[in-house]
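Single-structure report; data block below.
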Amino acid sequence: MMHTTITSPIGRLLLVGNDRVLRGLYMLDGPKPLAVDPASTENAAAFSAVIAQLEQFFAGERTVFELEVELEGTPFQQRVWNALREIPYGQTISYGELARRIDRPSAVRAVGLANGRNPVSVIVPCHRVIGANGTLTGYGGGVERKRLLLDLESRAATPRLLDLG
């Protein structure tokens, strides 16, 4: 296993995986920072494509990630994480809607727990899920980071008028 740490507008991010797939993207400055596995090797070069795409995303230039990710979890978690990847850039849905999308409308709490265990945040956009009343509820990186990500996407998704003056 390999890892690297990068700086981003939402704080330091830990990338975990190998030269083929990304297995984790964790916020080191969040409420629940993850320790680096001592058996893991630091290798920034292995994550060059991930880093480039994250930089483009944070600059508002990328709306879809084109990366191989490998998410380890239960079949239910996999369904939730796959459904997260279907939420369009700049849009949000409720936990209840996410539960409906995976054909488990009564499993809202379980969907919330699976959402919170997403091992590849930002790229698998768990930040796009909000409370039924529109509030920003729960986020592994903290609600303020969720707000920053949603604000970034809403600004980038808003058409801009060209000044032809």
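Ligands are numbered from 1 in the order shown, chains are lettered A, B, ... in the order of the structure tokens, and residues start at 1 in each chain.
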Rows by chain and residue number, region 43-149 of chain A within 7 Å of region 13-31 of chain A, shortest pair, only C-alpha atoms, as JSON lines:
{"residue": "A:Ala46", "atom": "CA", "partner": "A:Asp19", "partner_atom": "CA", "distance": 4.6}
{"residue": "A:Phe47", "atom": "CA", "partner": "A:Asp19", "partner_atom": "CA", "distance": 6.8}
{"residue": "A:Glu68", "atom": "CA", "partner": "A:Val21", "partner_atom": "CA", "distance": 4.9}
{"residue": "A:Val69", "atom": "CA", "partner": "A:Leu22", "partner_atom": "CA", "distance": 4.6}
{"residue": "A:Glu70", "atom": "CA", "partner": "A:Arg23", "partner_atom": "CA", "distance": 5.1}
{"residue": "A:Leu71", "atom": "CA", "partner": "A:Arg23", "partner_atom": "CA", "distance": 6.0}
{"residue": "A:Pro119", "atom": "CA", "partner": "A:Gly24", "partner_atom": "CA", "distance": 5.0}
{"residue": "A:Val120", "atom": "CA", "partner": "A:Leu25", "partner_atom": "CA", "distance": 4.5}
{"residue": "A:Ser121", "atom": "CA", "partner": "A:Leu25", "partner_atom": "CA", "distance": 5.7}
{"residue": "A:Gly141", "atom": "CA", "partner": "A:Gly30", "partner_atom": "CA", "distance": 4.5}
{"residue": "A:Gly142", "atom": "CA", "partner": "A:Gly30", "partner_atom": "CA", "distance": 6.1}
Next on the checklist: So that I can see what lies close to region 85-93 of chain A, please list as an NGL selection string the residues with an atom at most 6 Å from it, counting only C-alpha atoms and leaving out residues fewer than 3 positions away in the same chain.
Outcome noted: :A and (63 or 82 or 124 or 128-129 or 153-154 or 157)
What does the file look like for those residues with C-alpha atoms, as a PDB file, in the first residue's frame?
ATOM      1  CA  THR A  63     -16.931  18.245 -12.575  1.00  0.00           C
ATOM      2  CA  ASN A  82     -22.367   3.759  -6.198  1.00  0.00           C
ATOM      3  CA  VAL A 124     -17.294   9.767  -4.214  1.00  0.00           C
ATOM      4  CA  ARG A 128     -23.859  16.190  -1.871  1.00  0.00           C
ATOM      5  CA  VAL A 129     -26.268  14.508   0.563  1.00  0.00           C
ATOM      6  CA  GLU A 153     -19.601  23.324  -6.816  1.00  0.00           C
ATOM      7  CA  SER A 154     -22.440  25.848  -6.900  1.00  0.00           C
ATOM      8  CA  ALA A 157     -21.795  25.218 -11.921  1.00  0.00           C
TER       9      ALA A 157
END
Next on the checklist: From the options A:Tyr95, A:Ala52, A:Ser40, A:Val111, which residue's atoms come nearest to Gly134 (chain A), counting only C-alpha atoms?
Outcome noted: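 For Gly134 (chain A), the nearest of the candidates is A:Tyr95.
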Next on the checklist: As an exercise, work out the distance from CA of Lys32 (chain A) to CA of Leu98 (chain A) in Å and give it to one decimal place.
Outcome noted: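 Result for CA of Lys32 (chain A) versus CA of Leu98 (chain A): 24.2 Å, one decimal.
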Checklist entry - chain A: which residues are strand (DSSP E) by DSSP, as a PyMOL selection string? => result chain A and resi 2-8+11-17+22-27+41-42+93-94+129-130
Item to check | For Ile130 (chain A): contacts at 6 Å, only C-alpha atoms, fewer than 6 positions along chain excluded, given as a list of chain:residue names | outcome: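 That gives A:Ser94, A:Leu136, A:Thr137.
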Spatial neighbours of Ala99 (chain A), max dist 8 Å, only C-alpha atoms, sep filter under 6 positions, as a PDB file with N, CA and C atoms, in the first residue's frame:
ATOM      1  N   VAL A  80     -24.827   2.169  -1.718  1.00  0.00           N
ATOM      2  CA  VAL A  80     -24.916   3.585  -1.348  1.00  0.00           C
ATOM      3  C   VAL A  80     -23.822   4.375  -2.054  1.00  0.00           C
ATOM      4  N   PRO A 105     -36.236   2.569   0.787  1.00  0.00           N
ATOM      5  CA  PRO A 105     -36.762   3.828   1.314  1.00  0.00           C
ATOM      6  C   PRO A 105     -36.867   3.898   2.833  1.00  0.00           C
ATOM      7  N   SER A 106     -36.943   2.773   3.505  1.00  0.00           N
ATOM      8  CA  SER A 106     -37.045   2.805   4.970  1.00  0.00           C
ATOM      9  C   SER A 106     -35.677   2.735   5.648  1.00  0.00           C
ATOM     10  N   ALA A 107     -34.616   2.699   4.867  1.00  0.00           N
ATOM     11  CA  ALA A 107     -33.263   2.542   5.426  1.00  0.00           C
ATOM     12  C   ALA A 107     -32.493   3.858   5.474  1.00  0.00           C
ATOM     13  N   VAL A 108     -33.188   4.946   5.788  1.00  0.00           N
ATOM     14  CA  VAL A 108     -32.549   6.271   5.775  1.00  0.00           C
ATOM     15  C   VAL A 108     -31.375   6.336   6.747  1.00  0.00           C
ATOM     16  N   VAL A 111     -28.477   4.347   5.414  1.00  0.00           N
ATOM     17  CA  VAL A 111     -27.878   5.088   4.303  1.00  0.00           C
ATOM     18  C   VAL A 111     -26.962   6.184   4.847  1.00  0.00           C
TER      19      VAL A 111
END
Item to check | DSSP-assigned helix (DSSP H, G or I) among region 83-123 of chain A, expressed as a ChimeraX atom specification | outcome: /A:83-84,95-101,108-116
Kindly save the residues from that selection, with N, CA and C atoms included, as a short mmCIF file (atom, residue, chain, number, x, y, z; two decimals), in the first residue's frame.
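Output file result-v7.cif follows:
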data_model
loop_
_atom_site.label_atom_id
_atom_site.label_comp_id
_atom_site.auth_asym_id
_atom_site.auth_seq_id
_atom_site.Cartn_x
_atom_site.Cartn_y
_atom_site.Cartn_z
N ALA A 83 -24.47 4.86 -5.68
CA ALA A 83 -25.53 5.85 -5.88
C ALA A 83 -25.00 7.28 -5.67
N LEU A 84 -24.06 7.45 -4.75
CA LEU A 84 -23.46 8.76 -4.54
C LEU A 84 -22.79 9.26 -5.82
N TYR A 95 -30.97 12.40 2.34
CA TYR A 95 -30.69 11.01 2.72
C TYR A 95 -31.87 10.12 2.33
N GLY A 96 -33.09 10.64 2.50
CA GLY A 96 -34.29 9.88 2.13
C GLY A 96 -34.32 9.58 0.63
N GLU A 97 -33.97 10.57 -0.17
CA GLU A 97 -33.93 10.37 -1.62
C GLU A 97 -32.86 9.34 -1.98
N LEU A 98 -31.71 9.41 -1.32
CA LEU A 98 -30.65 8.43 -1.58
C LEU A 98 -31.14 7.02 -1.24
N ALA A 99 -31.86 6.88 -0.13
CA ALA A 99 -32.43 5.58 0.25
C ALA A 99 -33.42 5.09 -0.81
N ARG A 100 -34.23 6.00 -1.33
CA ARG A 100 -35.17 5.62 -2.39
C ARG A 100 -34.43 5.18 -3.66
N ARG A 101 -33.35 5.87 -3.97
CA ARG A 101 -32.60 5.55 -5.19
C ARG A 101 -31.97 4.16 -5.16
N VAL A 108 -33.19 4.95 5.79
CA VAL A 108 -32.55 6.27 5.78
C VAL A 108 -31.37 6.34 6.75
N ARG A 109 -31.54 5.82 7.95
CA ARG A 109 -30.44 5.87 8.93
C ARG A 109 -29.24 5.04 8.47
N ALA A 110 -29.52 3.86 7.93
CA ALA A 110 -28.44 3.00 7.44
C ALA A 110 -27.72 3.66 6.26
N VAL A 111 -28.48 4.35 5.41
CA VAL A 111 -27.88 5.09 4.30
C VAL A 111 -26.96 6.18 4.85
N GLY A 112 -27.41 6.88 5.88
CA GLY A 112 -26.59 7.91 6.50
C GLY A 112 -25.29 7.35 7.06
N LEU A 113 -25.38 6.19 7.71
CA LEU A 113 -24.18 5.56 8.26
C LEU A 113 -23.22 5.13 7.15
N ALA A 114 -23.76 4.55 6.08
CA ALA A 114 -22.92 4.14 4.95
C ALA A 114 -22.28 5.35 4.29
N ASN A 115 -23.05 6.41 4.17
CA ASN A 115 -22.53 7.65 3.60
C ASN A 115 -21.34 8.15 4.42
N GLY A 116 -21.47 8.08 5.74
CA GLY A 116 -20.41 8.52 6.63
C GLY A 116 -19.17 7.64 6.61
#
Next on the checklist: Show me, as a list in words, the residues that have an atom within 9 Å of Gln53 (chain A) when counting only C-alpha atoms, minus same-chain residues fewer than 4 positions from it.
Outcome noted: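 Counting only C-alpha atoms, the residues come to Ser48, Ala49, Phe57, Phe58, Arg62, Val64, Phe65, Glu66 and Leu67 of chain A.
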Checklist entry - For the atom pair CA of Gln56 (chain A) and CA of Ile10 (chain A), what is the interatomic distance in Å to one decimal place? => result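 One can read the CA of Gln56 (chain A) to CA of Ile10 (chain A) distance as 14.1 Å.
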